[in-house]
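Q: Contents are mmCIF, C-alpha atoms; chains and numbers go by the auth columns; file name query-v2.cif:
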```
data_final
#
loop_
_atom_site.group_PDB
_atom_site.id
_atom_site.type_symbol
_atom_site.label_atom_id
_atom_site.label_comp_id
_atom_site.label_asym_id
_atom_site.label_seq_id
_atom_site.Cartn_x
_atom_site.Cartn_y
_atom_site.Cartn_z
_atom_site.B_iso_or_equiv
_atom_site.auth_seq_id
_atom_site.auth_asym_id
ATOM 1 C CA GLN A 1 0.000 0.000 0.000 0.00 1 A
ATOM 2 C CA LEU A 2 1.371 3.376 -1.030 0.00 2 A
ATOM 3 C CA GLN A 3 1.384 5.822 1.849 0.00 3 A
ATOM 4 C CA LEU A 4 2.710 9.270 2.700 0.00 4 A
ATOM 5 C CA VAL A 5 2.951 10.442 6.287 0.00 5 A
ATOM 6 C CA GLU A 6 3.480 14.084 7.214 0.00 6 A
ATOM 7 C CA SER A 7 4.806 15.279 10.552 0.00 7 A
ATOM 8 C CA GLY A 8 6.158 18.403 12.197 0.00 8 A
ATOM 9 C CA GLY A 9 3.129 20.650 12.312 0.00 9 A
ATOM 10 C CA ASP A 10 2.895 22.833 15.399 0.00 10 A
ATOM 11 C CA LEU A 11 1.957 26.207 16.827 0.00 11 A
ATOM 12 C CA VAL A 12 4.572 28.845 16.070 0.00 12 A
ATOM 13 C CA GLN A 13 4.764 32.599 16.520 0.00 13 A
ATOM 14 C CA PRO A 14 4.890 34.928 13.514 0.00 14 A
ATOM 15 C CA GLY A 15 8.445 35.126 12.266 0.00 15 A
ATOM 16 C CA GLY A 16 9.221 31.665 13.568 0.00 16 A
ATOM 17 C CA SER A 17 10.303 28.504 11.780 0.00 17 A
ATOM 18 C CA LEU A 18 9.105 24.940 11.391 0.00 18 A
ATOM 19 C CA ARG A 19 10.310 21.895 9.516 0.00 19 A
ATOM 20 C CA LEU A 20 7.780 19.474 8.113 0.00 20 A
ATOM 21 C CA SER A 21 8.600 15.966 6.995 0.00 21 A
ATOM 22 C CA CYS A 22 6.901 13.724 4.465 0.00 22 A
ATOM 23 C CA ALA A 23 7.888 10.057 4.574 0.00 23 A
ATOM 24 C CA GLY A 24 6.952 7.559 1.884 0.00 24 A
ATOM 25 C CA PHE A 25 6.019 3.960 2.608 0.00 25 A
ATOM 26 C CA GLY A 26 5.430 1.152 0.135 0.00 26 A
ATOM 27 C CA PHE A 27 7.112 2.945 -2.757 0.00 27 A
ATOM 28 C CA THR A 28 10.348 4.727 -3.530 0.00 28 A
ATOM 29 C CA LEU A 29 10.324 8.478 -3.982 0.00 29 A
ATOM 30 C CA GLU A 30 13.064 8.260 -6.620 0.00 30 A
ATOM 31 C CA TYR A 31 10.231 7.645 -9.086 0.00 31 A
ATOM 32 C CA TYR A 32 7.960 10.371 -7.763 0.00 32 A
ATOM 33 C CA SER A 33 7.921 14.118 -7.620 0.00 33 A
ATOM 34 C CA ILE A 34 6.490 15.473 -4.386 0.00 34 A
ATOM 35 C CA GLY A 35 4.209 18.441 -4.017 0.00 35 A
ATOM 36 C CA TRP A 36 3.301 20.293 -0.866 0.00 36 A
ATOM 37 C CA PHE A 37 -0.166 21.748 -0.683 0.00 37 A
ATOM 38 C CA ARG A 38 -1.944 23.638 2.065 0.00 38 A
ATOM 39 C CA GLN A 39 -5.527 24.306 2.932 0.00 39 A
ATOM 40 C CA ALA A 40 -6.826 26.838 5.398 0.00 40 A
ATOM 41 C CA PRO A 41 -10.367 26.609 6.796 0.00 41 A
ATOM 42 C CA GLY A 42 -12.889 27.831 4.254 0.00 42 A
ATOM 43 C CA LYS A 43 -10.319 28.067 1.481 0.00 43 A
ATOM 44 C CA GLU A 44 -9.352 25.919 -1.468 0.00 44 A
ATOM 45 C CA ARG A 45 -6.313 23.701 -1.382 0.00 45 A
ATOM 46 C CA GLU A 46 -3.382 25.535 -2.923 0.00 46 A
ATOM 47 C CA GLY A 47 -0.055 24.306 -4.222 0.00 47 A
ATOM 48 C CA VAL A 48 2.948 25.569 -2.328 0.00 48 A
ATOM 49 C CA LEU A 49 5.904 23.921 -4.031 0.00 49 A
ATOM 50 C CA CYS A 50 7.202 20.753 -5.621 0.00 50 A
ATOM 51 C CA ILE A 51 10.457 18.847 -5.817 0.00 51 A
ATOM 52 C CA SER A 52 11.421 16.539 -8.644 0.00 52 A
ATOM 53 C CA SER A 53 11.953 12.807 -8.325 0.00 53 A
ATOM 54 C CA SER A 54 15.724 13.321 -8.438 0.00 54 A
ATOM 55 C CA GLY A 55 15.538 16.096 -5.874 0.00 55 A
ATOM 56 C CA GLU A 56 17.426 18.418 -8.221 0.00 56 A
ATOM 57 C CA GLY A 57 14.513 20.547 -9.382 0.00 57 A
ATOM 58 C CA THR A 58 12.140 22.660 -7.331 0.00 58 A
ATOM 59 C CA THR A 59 9.291 25.044 -8.051 0.00 59 A
ATOM 60 C CA TYR A 60 7.856 27.461 -5.502 0.00 60 A
ATOM 61 C CA ALA A 61 4.690 29.510 -5.346 0.00 61 A
ATOM 62 C CA ASP A 62 5.370 33.243 -5.207 0.00 62 A
ATOM 63 C CA SER A 63 3.818 33.438 -1.747 0.00 63 A
ATOM 64 C CA VAL A 64 6.580 31.297 -0.207 0.00 64 A
ATOM 65 C CA LYS A 65 9.637 32.080 -2.337 0.00 65 A
ATOM 66 C CA GLY A 66 12.597 33.055 -0.223 0.00 66 A
ATOM 67 C CA ARG A 67 10.979 31.732 2.958 0.00 67 A
ATOM 68 C CA PHE A 68 10.316 28.032 2.304 0.00 68 A
ATOM 69 C CA THR A 69 12.875 25.480 1.202 0.00 69 A
ATOM 70 C CA VAL A 70 12.174 21.921 0.134 0.00 70 A
ATOM 71 C CA SER A 71 14.715 19.104 0.128 0.00 71 A
ATOM 72 C CA LYS A 72 14.628 15.405 -0.524 0.00 72 A
ATOM 73 C CA ASP A 73 16.610 12.564 0.971 0.00 73 A
ATOM 74 C CA ASN A 74 15.994 9.599 -1.294 0.00 74 A
ATOM 75 C CA SER A 75 18.043 7.357 0.985 0.00 75 A
ATOM 76 C CA LYS A 76 15.484 8.005 3.720 0.00 76 A
ATOM 77 C CA ASN A 77 12.535 8.176 1.321 0.00 77 A
ATOM 78 C CA THR A 78 11.638 11.484 2.921 0.00 78 A
ATOM 79 C CA VAL A 79 10.998 15.053 1.813 0.00 79 A
ATOM 80 C CA TYR A 80 11.537 18.003 4.130 0.00 80 A
ATOM 81 C CA LEU A 81 9.874 21.401 4.059 0.00 81 A
ATOM 82 C CA GLN A 82 11.756 24.103 5.946 0.00 82 A
ATOM 83 C CA MET A 83 9.511 27.069 6.616 0.00 83 A
ATOM 84 C CA ASN A 84 11.064 30.307 7.856 0.00 84 A
ATOM 85 C CA SER A 85 9.674 33.774 8.558 0.00 85 A
ATOM 86 C CA LEU A 86 6.225 32.317 9.017 0.00 86 A
ATOM 87 C CA LYS A 87 3.241 34.602 8.655 0.00 87 A
ATOM 88 C CA PRO A 88 -0.302 34.232 9.988 0.00 88 A
ATOM 89 C CA GLU A 89 -1.461 33.626 6.417 0.00 89 A
ATOM 90 C CA ASP A 90 0.753 30.513 6.283 0.00 90 A
ATOM 91 C CA ALA A 91 -1.466 28.830 8.855 0.00 91 A
ATOM 92 C CA ALA A 92 -3.135 25.794 7.287 0.00 92 A
ATOM 93 C CA THR A 93 -3.112 22.038 7.130 0.00 93 A
ATOM 94 C CA TYR A 94 -0.152 21.033 4.993 0.00 94 A
ATOM 95 C CA TYR A 95 -0.333 17.989 2.766 0.00 95 A
ATOM 96 C CA CYS A 96 2.344 16.255 0.779 0.00 96 A
ATOM 97 C CA ALA A 97 1.424 14.387 -2.372 0.00 97 A
ATOM 98 C CA ALA A 98 3.277 12.189 -4.847 0.00 98 A
ATOM 99 C CA HIS A 99 3.131 12.182 -8.633 0.00 99 A
ATOM 100 C CA ALA A 100 4.570 9.272 -10.634 0.00 100 A
ATOM 101 C CA ALA A 101 6.940 11.400 -12.711 0.00 101 A
ATOM 102 C CA GLY A 102 9.436 8.681 -13.604 0.00 102 A
ATOM 103 C CA TYR A 103 12.818 7.642 -12.311 0.00 103 A
ATOM 104 C CA TYR A 104 15.166 10.456 -11.243 0.00 104 A
ATOM 105 C CA GLN A 105 13.622 13.251 -13.307 0.00 105 A
ATOM 106 C CA PRO A 106 15.406 16.609 -12.906 0.00 106 A
ATOM 107 C CA THR A 107 12.407 18.947 -12.911 0.00 107 A
ATOM 108 C CA CYS A 108 8.896 19.257 -11.506 0.00 108 A
ATOM 109 C CA THR A 109 5.887 21.353 -12.388 0.00 109 A
ATOM 110 C CA MET A 110 3.538 22.688 -9.749 0.00 110 A
ATOM 111 C CA THR A 111 0.287 21.461 -11.217 0.00 111 A
ATOM 112 C CA GLY A 112 -3.060 21.026 -9.516 0.00 112 A
ATOM 113 C CA PRO A 113 -4.051 18.494 -6.864 0.00 113 A
ATOM 114 C CA SER A 114 -5.651 16.165 -9.423 0.00 114 A
ATOM 115 C CA ASP A 115 -2.214 15.432 -10.929 0.00 115 A
ATOM 116 C CA PHE A 116 -0.966 13.815 -7.729 0.00 116 A
ATOM 117 C CA GLU A 117 -1.851 10.193 -7.099 0.00 117 A
ATOM 118 C CA VAL A 118 -0.850 9.573 -3.483 0.00 118 A
ATOM 119 C CA TRP A 119 -1.714 11.876 -0.580 0.00 119 A
ATOM 120 C CA GLY A 120 -0.861 12.113 3.080 0.00 120 A
ATOM 121 C CA ARG A 121 -3.382 12.997 5.755 0.00 121 A
ATOM 122 C CA GLY A 122 -1.866 16.365 6.517 0.00 122 A
ATOM 123 C CA THR A 123 -0.206 18.125 9.420 0.00 123 A
ATOM 124 C CA ARG A 124 -1.511 21.332 10.943 0.00 124 A
ATOM 125 C CA VAL A 125 0.520 24.508 11.129 0.00 125 A
ATOM 126 C CA THR A 126 -0.754 27.333 13.317 0.00 126 A
ATOM 127 C CA VAL A 127 0.921 30.733 13.228 0.00 127 A
ATOM 128 C CA SER A 128 -0.207 32.935 16.058 0.00 128 A
ATOM 129 C CA SER A 129 1.154 35.061 18.862 0.00 129 A
#
```
Translate this structure into structure tokens?

A:
Amino acid sequence: QLQLVESGGDLVQPGGSLRLSCAGFGFTLEYYSIGWFRQAPGKEREGVLCISSSGEGTTYADSVKGRFTVSKDNSKNTVYLQMNSLKPEDAATYYCAAHAAGYYQPTCTMTGPSDFEVWGRGTRVTVSS
């Protein structure tokens, strides 16, 4: 069974940092690009960023450029999302999702949720003083 498990969500003050993790089980992420999405209450799910199956290529939404950094450790089958300078508008449930892009592809495209085949259950990030 293909499974993604997110962790690391927490309550943080504005300006603070968090690191989220997304671990894959039952499949190897070397064949999958990973997208991070977030959804705040009452809002649509939005794409935040993606990382290619090789880990070499990344794409970021304008709202998080310069503040969020994604990395991938294929040896641990895990993707990490480092979030710095957090703002109240970053508060949401964060989901990671996998797209079968092919083995060790260098680039990823931040497409919509329907393009991703495997989803985690999400981890909540709260940004508040």

Q: For the PyMOL selection byres ((chain A and resi 117) around 12), applied here, can you spell out every residue it catches as a count of residues only?

A: 21

Q: Selected by the PyMOL selection byres ((chain A and resi 30) around 8) in the shown coordinates: which residues, as number ranges by chain?

A: A: 28-29, 31-33, 53-54, 74, 77, 102-104

Q: Next, dump the selected residues to file, keeping only C-alpha atoms, as a PDB file, keeping the file's coordinate frame.

A:
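Wrote result_8.pdb, looks like this:
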```pdb
ATOM      1  CA  THR A  28      10.348   4.727  -3.530  1.00  0.00           C
ATOM      2  CA  LEU A  29      10.324   8.478  -3.982  1.00  0.00           C
ATOM      3  CA  TYR A  31      10.231   7.645  -9.086  1.00  0.00           C
ATOM      4  CA  TYR A  32       7.960  10.371  -7.763  1.00  0.00           C
ATOM      5  CA  SER A  33       7.921  14.118  -7.620  1.00  0.00           C
ATOM      6  CA  SER A  53      11.953  12.807  -8.325  1.00  0.00           C
ATOM      7  CA  SER A  54      15.724  13.321  -8.438  1.00  0.00           C
ATOM      8  CA  ASN A  74      15.994   9.599  -1.294  1.00  0.00           C
ATOM      9  CA  ASN A  77      12.535   8.176   1.321  1.00  0.00           C
ATOM     10  CA  GLY A 102       9.436   8.681 -13.604  1.00  0.00           C
ATOM     11  CA  TYR A 103      12.818   7.642 -12.311  1.00  0.00           C
ATOM     12  CA  TYR A 104      15.166  10.456 -11.243  1.00  0.00           C
TER      13      TYR A 104
END
```

Q: Dump as a list in words all residues having an atom at most 7 Å from (11.7, 17.1, 1.8), computed in the file's coordinates with only C-alpha atoms.

A: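 Every polymer residue passing the test: Ser21, Cys22, Val70, Ser71, Lys72, Asp73, Thr78, Val79, Tyr80 and Leu81 of chain A.
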
Q: If you count only C-alpha atoms, which residues fall within 7 Å of Thr58 of chain A, apart from same-chain ones fewer than 6 positions away, as a ChimeraX atom specification?

A: /A:50-52,107-108

Q: Under the PyMOL selection byres ((chain A and resi 83) around 8), which residues of this model are included? Write them out as a PyMOL selection string.

A: chain A and resi 17-20+67-69+81-82+84-86

Q: Kindly provide, as AutoDock Vina command-line options, the centre and edge lengths (Å, one decimal) of an axis-aligned box around all atoms of segment 32-38 of chain A given in the file, with 5 Å on each side.

A:
```
--center_x 3.0 --center_y 17.0 --center_z -2.8 --size_x 19.9 --size_y 23.3 --size_z 19.8
```

Q: From the set A:Thr93, A:Ala23, A:Thr109, A:Thr126, which residue has the shortest atom-to-atom contact distance to Glu44 of chain A, counting all atoms listed in the file?

A: A:Thr93

Q: How far is it from atom CA of Glu89 of chain A to atom CA of Asp62 of chain A, in Å with one decimal?

A: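 Atom-to-atom, atom CA of Glu89 of chain A to atom CA of Asp62 of chain A, that is 13.5 Å.
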
Q: Record the distance separating atom CA of Gly16 of chain A and atom CA of Lys65 of chain A, expressed in Å with one decimal.

A: 15.9 Å

Q: Figure out the distance between atom CA of Arg121 of chain A and atom CA of Gly24 of chain A, please, to one decimal in Å.

A: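 We find that atom CA of Gly24 of chain A and atom CA of Arg121 of chain A lie 12.3 Å from each other.
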
Q: From the list A:Ser75, A:Thr111, A:Gln105, A:Ser7, which residue is nearest Leu49 of chain A when using all atoms listed in the file?

A: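 When distances to Leu49 of chain A are compared using all atoms listed in the file, the smallest one comes from A:Thr111.
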
Q: Between A:Pro106, A:Val125, A:Tyr60, A:Lys76, which residue has the minimum interatomic distance to Pro41 of chain A, considering all atoms listed in the file?

A: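 Ranked by minimum distance to Pro41 of chain A, first place goes to A:Val125.
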
Q: Rank A:Leu11, A:Tyr94, A:Phe27, A:Trp36 by their smallest atom-to-atom distance to Thr59 of chain A, using all atoms listed in the file, and report the top residue only.

A: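 Distance minimum relative to Thr59 of chain A lands on A:Trp36.
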
Q: When you count all atoms listed in the file, which of these residues is closest to Thr123 of chain A: A:Gly66, A:Phe37, A:Met110, A:Lys43?

A: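 Among the listed residues, the smallest separation from Thr123 of chain A belongs to A:Phe37.
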